[in-house]
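Chemist: Coordinates in entry.cif, mmCIF, C-alpha atoms, are listed below.
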```
data_run
loop_
_atom_site.label_atom_id
_atom_site.label_comp_id
_atom_site.auth_asym_id
_atom_site.auth_seq_id
_atom_site.Cartn_x
_atom_site.Cartn_y
_atom_site.Cartn_z
CA MET A 1 70.77 -59.98 -123.57
CA PRO A 2 71.39 -63.72 -123.67
CA ILE A 3 75.10 -63.40 -124.56
CA ILE A 4 77.34 -62.12 -121.78
CA TYR A 5 81.05 -61.33 -121.88
CA THR A 6 82.12 -61.77 -118.25
CA LYS A 7 84.48 -64.54 -119.38
CA LEU A 8 86.29 -62.04 -121.61
CA PHE A 9 87.04 -59.68 -118.74
CA ALA A 10 88.09 -62.56 -116.48
CA LEU A 11 90.48 -63.77 -119.21
CA LEU A 12 91.87 -60.26 -119.66
CA ALA A 13 92.46 -59.91 -115.91
CA GLU A 14 94.08 -63.36 -115.79
CA ARG A 15 96.52 -62.24 -118.48
CA GLY A 16 97.20 -58.83 -116.94
CA LEU A 17 95.26 -56.99 -119.65
CA ASN A 18 92.20 -54.72 -119.61
CA ALA A 19 89.69 -53.03 -121.89
CA TYR A 20 92.09 -50.14 -122.49
CA THR A 21 94.63 -52.61 -123.88
CA LEU A 22 92.07 -53.81 -126.44
CA LYS A 23 91.48 -50.23 -127.53
CA LYS A 24 95.17 -49.26 -127.55
CA GLU A 25 96.11 -52.33 -129.60
CA ASN A 26 93.26 -51.59 -132.07
CA VAL A 27 91.63 -54.95 -131.40
CA VAL A 28 88.16 -53.41 -131.06
CA GLY A 29 86.80 -49.90 -130.93
CA ASN A 30 85.51 -47.93 -127.99
CA ALA A 31 81.83 -48.51 -128.85
CA THR A 32 82.39 -52.27 -128.96
CA ILE A 33 84.21 -52.20 -125.63
CA GLU A 34 81.26 -50.37 -124.07
CA LYS A 35 78.83 -52.98 -125.45
CA LEU A 36 81.02 -55.77 -124.09
CA GLN A 37 81.26 -54.17 -120.65
CA LYS A 38 77.51 -53.58 -120.45
CA ASN A 39 76.53 -56.92 -122.05
CA HIS A 40 74.21 -54.82 -124.15
CA GLY A 41 73.86 -54.65 -127.92
CA ASN A 42 75.03 -56.86 -130.73
CA ILE A 43 78.71 -57.54 -131.26
CA ASP A 44 79.83 -58.07 -134.84
CA THR A 45 81.38 -61.47 -135.54
CA ARG A 46 84.42 -59.68 -136.96
CA SER A 47 85.01 -58.24 -133.49
CA ILE A 48 84.73 -61.71 -131.97
CA VAL A 49 87.27 -62.99 -134.50
CA ARG A 50 89.70 -60.14 -133.70
CA LEU A 51 89.35 -60.76 -129.96
CA CYS A 52 89.94 -64.50 -130.37
CA LYS A 53 92.93 -63.93 -132.63
CA TYR A 54 94.47 -61.38 -130.25
CA LEU A 55 93.86 -63.52 -127.16
CA GLN A 56 94.60 -66.86 -128.90
CA CYS A 57 91.34 -68.36 -127.67
CA GLN A 58 88.00 -69.74 -128.82
CA PRO A 59 84.70 -67.77 -128.77
CA GLY A 60 83.46 -69.86 -125.84
CA ASP A 61 86.43 -68.61 -123.82
CA ILE A 62 85.19 -65.01 -124.01
CA MET A 63 81.40 -65.23 -124.18
CA GLU A 64 78.58 -67.29 -122.76
CA TYR A 65 74.92 -67.87 -123.59
CA VAL A 66 72.61 -67.25 -120.64
CA GLU A 67 68.93 -67.93 -121.13
CA ASP A 68 66.70 -64.91 -120.53
CA GLU A 69 64.33 -64.99 -117.58
CA PRO A 70 60.79 -65.73 -118.78
CA GLU A 71 58.53 -62.70 -118.69
CA LYS A 72 55.75 -62.81 -116.11
#
```
Could you rewrite the structure in this file as structure tokens?
Modeler:
Amino acid sequence: MPIIYTKLFALLAERGLNAYTLKKENVVGNATIEKLQKNHGNIDTRSIVRLCKYLQCQPGDIMEYVEDEPEK
């Protein structure tokens, strides 16, 4: 998947938060958290908006485009 969310979890750790906090505060659901943790699957833009609003950040602060390895 060319979009990864390692920046999100680094930002959460920096602020003393974690994935459970996102679930408890109803920012995103459990299925979305699993997708974010595994960098697998599509994340709805509404979820990105909720994360950015909750964390007071920009989308680039929580996700990053990484080019896929070319297939051999």
Chemist: Which residue gives the smallest distance to A:Asp44 among A:Cys57, A:Val28, A:Leu22, A:Val66, with all atoms listed in the file counted?
Modeler: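 Smallest distance to A:Asp44 is found for A:Val28.
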Chemist: Which residues come within 9 Å of A:Asn39, counting all atoms listed in the file, excluding same-chain residues fewer than 4 positions away, as a list in words?
Modeler: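 These residues fall inside the cut-off: Met1, Pro2, Ile3, Ile4, Tyr5, Thr6, Glu34 and Lys35 of chain A.
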Chemist: Write a file of the just-selected residues containing C-alpha atoms, as an mmCIF file, in the frame of the given file.
Modeler:
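Saved to out.cif:
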```cif
data_model
loop_
_atom_site.group_PDB
_atom_site.id
_atom_site.type_symbol
_atom_site.label_atom_id
_atom_site.label_comp_id
_atom_site.auth_asym_id
_atom_site.auth_seq_id
_atom_site.Cartn_x
_atom_site.Cartn_y
_atom_site.Cartn_z
ATOM 1 C CA MET A 1 70.770 -59.980 -123.570
ATOM 2 C CA PRO A 2 71.390 -63.720 -123.670
ATOM 3 C CA ILE A 3 75.100 -63.400 -124.560
ATOM 4 C CA ILE A 4 77.340 -62.120 -121.780
ATOM 5 C CA TYR A 5 81.050 -61.330 -121.880
ATOM 6 C CA THR A 6 82.120 -61.770 -118.250
ATOM 7 C CA GLU A 34 81.260 -50.370 -124.070
ATOM 8 C CA LYS A 35 78.830 -52.980 -125.450
#
```
Chemist: What does the distance between atom CA of A:Lys23 and atom CA of A:His40 come to in Å, to one decimal place?
Modeler: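 For atom CA of A:Lys23 relative to atom CA of A:His40, the distance reads 18.2 Å.
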Chemist: Enter the distance from atom CA of A:Gln37 to atom CA of A:Leu17, in Å, rounded to one decimal.
Modeler: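 Spanning atom CA of A:Gln37 to atom CA of A:Leu17 is a straight-line distance of 14.3 Å.
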Chemist: Restricting the calculation to all atoms listed in the file: of A:Met63, A:Ala31, A:Leu36, A:Leu55, which residue gets closest to A:Leu12?
Modeler: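 Smallest distance to A:Leu12 is found for A:Leu55.
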Chemist: Can you pull out every residue within 12 Å of A:Arg15, counting all atoms listed in the file, but drop anything in the same chain fewer than 5 positions away, and send it as a PyMOL selection string?
Modeler: chain A and resi 8-10+21+54-56
Chemist: Kindly export the residues of the current selection with C-alpha atoms, as a PDB file, in the coordinates of the input.
Modeler:
```pdb
ATOM      1  CA  LEU A   8      86.290 -62.040-121.610  1.00  0.00           C
ATOM      2  CA  PHE A   9      87.040 -59.680-118.740  1.00  0.00           C
ATOM      3  CA  ALA A  10      88.090 -62.560-116.480  1.00  0.00           C
ATOM      4  CA  THR A  21      94.630 -52.610-123.880  1.00  0.00           C
ATOM      5  CA  TYR A  54      94.470 -61.380-130.250  1.00  0.00           C
ATOM      6  CA  LEU A  55      93.860 -63.520-127.160  1.00  0.00           C
ATOM      7  CA  GLN A  56      94.600 -66.860-128.900  1.00  0.00           C
TER       8      GLN A  56
END
```
Chemist: One decimal, in Å: what's the spacing between atom CA of A:Tyr65 and atom CA of A:Thr32?
Modeler: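 Between these atoms lies a distance of 18.1 Å.
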Chemist: Between A:Ala13, A:Glu25, A:Pro59, A:Glu64, which is the closest to A:Arg46 once you count all atoms listed in the file?
Modeler: A:Pro59
Chemist: Each side padded by 6 Å, which centre and which edge lengths in Å (one decimal) define the axis-aligned box around the listed atoms of stretch 33-38 of chain A? Give them as AutoDock Vina command-line options.
Modeler:
```
--center_x 80.9 --center_y -53.1 --center_z -123.0 --size_x 18.7 --size_y 17.4 --size_z 17.2
```
